[in-house]
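structure_34.cif (mmCIF, C-alpha atoms) appears below.
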data_run
loop_
_atom_site.label_atom_id
_atom_site.label_comp_id
_atom_site.auth_asym_id
_atom_site.auth_seq_id
_atom_site.Cartn_x
_atom_site.Cartn_y
_atom_site.Cartn_z
CA MET A 1 16.70 -19.93 20.00
CA SER A 2 13.65 -17.76 19.31
CA ARG A 3 10.28 -18.62 20.75
CA ALA A 4 7.67 -19.69 18.23
CA ARG A 5 4.48 -17.71 18.45
CA VAL A 6 1.52 -19.93 19.06
CA ARG A 7 -2.06 -19.14 18.09
CA TRP A 8 -5.41 -20.85 18.27
CA CYS A 9 -6.86 -21.10 14.78
CA ALA A 10 -10.09 -22.48 13.40
CA GLY A 11 -9.31 -25.60 11.45
CA THR A 12 -11.37 -27.45 8.89
CA TYR A 13 -14.90 -28.23 10.09
CA GLY A 14 -14.57 -25.63 12.84
CA VAL A 15 -12.24 -27.71 14.99
CA LEU A 16 -9.78 -25.64 16.97
CA ALA A 17 -6.19 -26.68 16.82
CA LEU A 18 -3.03 -25.39 18.43
CA VAL A 19 -0.62 -24.52 15.66
CA ALA A 20 2.85 -22.99 15.68
CA ALA A 21 3.42 -19.66 13.89
CA GLY A 22 1.80 -18.91 10.59
CA CYS A 23 -1.77 -20.01 11.20
CA THR A 24 -3.94 -17.06 10.31
CA ALA A 25 -7.41 -16.35 9.04
CA PRO A 26 -7.84 -17.04 5.33
CA ALA A 27 -6.93 -14.23 2.98
CA PRO A 28 -9.95 -12.23 1.86
CA ASP A 29 -11.31 -12.99 -1.61
CA VAL A 30 -10.99 -9.95 -3.86
CA ASP A 31 -13.03 -9.82 -7.06
CA PRO A 32 -10.38 -9.27 -9.78
CA THR A 33 -12.71 -7.16 -11.95
CA LEU A 34 -13.60 -4.87 -9.05
CA ARG A 35 -9.93 -4.65 -8.06
CA ARG A 36 -8.99 -3.56 -11.60
CA THR A 37 -11.74 -0.91 -11.45
CA LEU A 38 -10.76 0.46 -8.03
CA GLN A 39 -6.95 0.23 -8.26
CA PRO A 40 -6.44 3.30 -10.50
CA VAL A 41 -8.77 5.39 -8.33
CA ALA A 42 -6.83 4.37 -5.21
CA HIS A 43 -3.50 4.97 -6.96
CA ASP A 44 -4.47 8.50 -8.01
CA ALA A 45 -5.63 9.30 -4.46
CA VAL A 46 -2.39 8.00 -2.93
CA VAL A 47 -0.22 10.02 -5.32
CA ALA A 48 -2.35 13.17 -4.94
CA GLY A 49 -2.11 12.95 -1.14
CA LEU A 50 1.67 12.60 -1.23
CA GLU A 51 2.08 15.43 -3.74
CA LYS A 52 -0.01 17.67 -1.48
CA GLU A 53 2.10 16.81 1.59
CA GLY A 54 5.37 17.07 -0.31
CA GLY A 55 8.58 15.25 0.44
CA MET A 56 12.25 15.95 0.93
CA LEU A 57 12.83 16.67 -2.76
CA ALA A 58 10.02 19.25 -2.88
CA ASP A 59 12.20 21.56 -0.79
CA SER A 60 15.37 21.01 -2.78
CA SER A 61 16.91 21.84 -6.13
CA PHE A 62 14.94 18.83 -7.49
CA ALA A 63 11.52 20.39 -6.76
CA SER A 64 10.66 20.97 -10.42
CA THR A 65 11.42 17.43 -11.53
CA ALA A 66 10.72 15.28 -8.46
CA ARG A 67 7.85 12.86 -8.83
CA TRP A 68 6.13 10.25 -6.66
CA PHE A 69 6.14 6.66 -7.91
CA CYS A 70 3.69 4.38 -6.11
CA ALA A 71 2.46 0.82 -6.14
CA GLU A 72 -0.54 -0.47 -4.25
CA LYS A 73 -1.78 -3.92 -3.43
CA VAL A 74 -5.50 -4.27 -2.76
CA VAL A 75 -5.74 -6.55 0.28
CA GLU A 76 -9.51 -6.56 0.64
CA ILE A 77 -12.72 -4.91 -0.51
CA ARG A 78 -15.70 -4.80 1.87
CA GLU A 79 -19.10 -3.18 1.70
CA ALA A 80 -19.62 -0.05 3.82
CA ASP A 81 -22.64 2.05 4.70
CA GLY A 82 -24.67 3.61 1.92
CA GLY A 83 -23.35 1.38 -0.85
CA ALA A 84 -19.76 2.57 -0.42
CA LEU A 85 -16.80 0.21 -0.47
CA LYS A 86 -13.98 -0.04 2.06
CA VAL A 87 -10.76 -0.83 0.27
CA GLY A 88 -7.83 -2.03 2.36
CA LEU A 89 -4.45 -1.50 0.70
CA VAL A 90 -0.75 -1.87 1.25
CA THR A 91 1.14 0.95 -0.43
CA GLN A 92 4.74 1.68 -1.24
CA CYS A 93 5.87 5.01 -2.69
CA SER A 94 9.18 6.69 -3.47
CA GLU A 95 9.81 10.32 -4.28
CA LEU A 96 12.41 10.26 -7.05
CA ALA A 97 14.22 12.68 -9.37
CA ALA A 98 17.11 12.44 -11.81
CA ARG A 99 20.57 13.95 -11.47
CA GLY A 100 22.67 13.24 -14.54
CA ARG A 101 22.46 9.49 -15.05
CA THR A 102 21.48 8.76 -11.43
CA LEU A 103 18.15 8.48 -9.63
CA VAL A 104 17.91 10.50 -6.43
CA GLU A 105 15.51 9.29 -3.76
CA GLY A 106 13.99 11.72 -1.31
CA THR A 107 11.13 10.46 0.81
CA ALA A 108 9.86 6.87 0.78
CA VAL A 109 6.70 5.64 2.45
CA ARG A 110 5.30 2.18 2.91
CA GLY A 111 2.31 0.93 4.82
CA PRO A 112 -1.39 0.19 4.97
CA LEU A 113 -4.24 2.49 4.01
CA LEU A 114 -7.99 2.23 4.27
CA MET A 115 -10.07 4.05 1.69
CA GLU A 116 -13.80 4.44 1.43
CA LEU A 117 -14.95 4.73 -2.17
CA SER A 118 -18.39 5.39 -3.58
CA LYS A 119 -19.87 5.56 -7.06
CA GLY A 120 -20.21 8.97 -8.60
CA GLY A 121 -22.90 10.29 -10.90
CA LYS A 122 -21.21 8.91 -14.02
CA GLY A 123 -20.77 5.43 -12.56
CA GLY A 124 -17.09 5.84 -11.72
CA TYR A 125 -15.75 5.58 -8.19
CA HIS A 126 -14.29 8.39 -6.10
CA VAL A 127 -12.54 8.42 -2.73
CA ARG A 128 -14.75 9.70 0.08
CA ARG A 129 -12.25 9.10 2.85
CA GLN A 130 -8.70 7.91 3.30
CA ASP A 131 -7.16 6.81 6.58
CA SER A 132 -3.76 5.54 7.68
CA PRO A 133 -2.45 4.19 10.97
CA PRO A 134 -0.70 6.35 13.52
CA ASP A 135 3.03 5.95 13.95
CA GLY A 136 4.04 4.07 17.08
CA ALA A 137 1.40 3.43 19.72
CA GLY A 138 -1.93 2.49 18.25
CA TYR A 139 -0.55 1.13 14.96
CA ASP A 140 -1.51 -2.48 15.56
CA GLU A 141 -4.89 -1.55 17.04
CA TRP A 142 -5.64 0.49 13.92
CA ILE A 143 -4.80 -2.52 11.71
CA ALA A 144 -7.12 -4.77 13.75
CA ARG A 145 -9.91 -2.19 13.65
CA SER A 146 -9.56 -1.31 9.96
CA PHE A 147 -9.10 -4.71 8.31
CA SER A 148 -10.78 -8.09 8.54
CA GLU A 149 -8.81 -10.73 10.42
CA GLY A 150 -7.47 -12.19 7.16
CA GLY A 151 -6.70 -8.74 5.75
CA ALA A 152 -4.90 -7.72 8.93
CA ALA A 153 -2.76 -10.87 8.75
CA LEU A 154 -1.71 -9.98 5.19
CA VAL A 155 -0.87 -6.40 6.19
CA ARG A 156 1.16 -7.51 9.21
CA ARG A 157 3.16 -9.99 7.13
CA GLU A 158 4.87 -7.08 5.31
CA ASP A 159 6.29 -9.32 2.61
CA TRP A 160 5.33 -7.06 -0.28
CA ASP A 161 8.21 -5.01 -1.68
CA ARG A 162 8.02 -3.08 -4.94
CA THR A 163 11.20 -1.01 -4.65
CA SER A 164 12.70 -2.37 -7.88
CA THR A 165 9.40 -1.80 -9.74
CA LEU A 166 9.23 1.83 -8.61
CA GLU A 167 12.87 2.46 -9.49
CA SER A 168 12.40 0.85 -12.92
CA ALA A 169 9.35 3.06 -13.62
CA ALA A 170 11.35 6.13 -12.56
CA ARG A 171 14.28 5.19 -14.80
CA THR A 172 11.87 4.88 -17.73
CA HIS A 173 10.13 8.16 -16.87
CA PHE A 174 13.41 10.08 -16.60
CA ARG A 175 14.88 8.25 -19.64
CA LEU A 176 17.75 6.79 -17.65
CA PRO A 177 19.50 3.52 -18.44
CA PRO A 178 17.99 0.40 -16.79
CA ASP A 179 21.02 0.06 -14.51
CA ALA A 180 21.16 3.71 -13.38
CA PRO A 181 22.16 3.79 -9.71
CA VAL A 182 19.95 5.17 -6.94
CA THR A 183 21.32 7.54 -4.31
CA ALA A 184 19.68 9.17 -1.33
CA LEU A 185 19.30 12.93 -1.18
#

Turn the structure described in the file into structure tokens.
Amino acid sequence: MSRARVRWCAGTYGVLALVAAGCTAPAPDVDPTLRRTLQPVAHDAVVAGLEKEGGMLADSSFASTARWFCAEKVVEIREADGGALKVGLVTQCSELAARGRTLVEGTAVRGPLLMELSKGGKGGYHVRRQDSPPDGAGYDEWIARSFSEGGAALVRREDWDRTSTLESAARTHFRLPPDAPVTAL
């Protein structure tokens, strides 16, 4: 039998209660209008960063057709210095190409990101900084430092999977049938 994790959590009216697993800080409120404004800016920055780094397909016979497909979930938006906004995200991306009637997956990445966005001269937002956690040691500390308590709880839950959405978008992009299989490189 597994041990239940136990945490102290603030209950209604500030009363502390001992609760078995699952008691976390409330999820951050995210203004839906602001999220819709910032999401495309964040998406473009995520894709541009991955295209710059390249993936497994970039060094293969698929280099000319490989493309990154990404989905992001805005976890929280907080104010930063100088009127900038800190946007906490969970991202999932797959590098995909087509071979005949099959999707080929190269590199896939999934995890949290923290972006700092500010308004530009024309009123639109641009990414000033983008940060991700280190692999291994320091990962959890980065999450705690980069997100609010409620945002960190959402990131740690890792229950957000968009694999089928990314594969469906790739099938449409490459004009493959909806049931085209996916194989690894």

Quick one: which residues end up in the PyMOL selection byres ((chain A and resi 153) around 12) for this structure, as a ChimeraX atom specification?
-> /A:21-28,75-76,90,112,140,143-144,146-152,154-159

Minimum-distance residue to Thr165 (chain A), chosen among A:Tyr125, A:Phe69, A:Tyr139, A:Phe62 (using only C-alpha atoms) =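 Closest to Thr165 (chain A), using only C-alpha atoms: A:Phe69.
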
Neighbours of Val41 (chain A) within 8 Å (only C-alpha atoms; same-chain residues fewer than 3 positions away dropped), as a PyMOL selection string?
-> chain A and resi 37-38+44-45+125-127

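Each of A:Glu141, A:Glu79, A:Glu53, A:Glu72 was checked against Gly111 (chain A) using all atoms listed in the file; the smallest atom-to-atom distance is that of A:Glu72.
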
Exactly which residues make up the result of the PyMOL selection byres ((chain A and resi 46) around 9) on this file, given as a list in words?
-> Val41, Ala42, His43, Asp44, Ala45, Val47, Ala48, Gly49, Leu50, Glu51, Cys70, Glu72, Thr91, Cys93 and Gln130 of chain A

Starting from the shown file, work through the PyMOL selection byres ((chain A and resi 87) around 6) and note down what comes out as a list of chain:residue names.
-> A:Glu76, A:Ile77, A:Lys86, A:Gly88, A:Leu114, A:Met115

For CA of Glu116 (chain A) and CA of Gly138 (chain A), quote the distance in Å rounded to one decimal.
->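 Computed distance, CA of Glu116 (chain A) to CA of Gly138 (chain A), equals 20.7 Å.
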
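CA of Ala71 (chain A) sits 15.9 Å away from CA of Ser132 (chain A).
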
Between CA of Asp179 (chain A) and CA of Lys73 (chain A), measure the distance and give it in Å to one decimal.
-> 25.7 Å

Leaving out Arg99 (chain A) and any residue of its chain fewer than 2 positions from it, which residues lie within 12 Å of it when counting only C-alpha atoms, given as JSON, numbers by chain?
-> {"A": [57, 61, 62, 65, 66, 96, 97, 101, 102, 103, 104, 105, 171, 174, 175, 176, 180, 181, 182, 183, 184, 185]}

Proximity to Gln92 (chain A) - best of A:Gln39, A:Ser118, A:Thr163, A:Ser64, only C-alpha atoms |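 Going through A:Gln39, A:Ser118, A:Thr163, A:Ser64 one by one, the smallest distance to Gln92 (chain A) is for A:Thr163.
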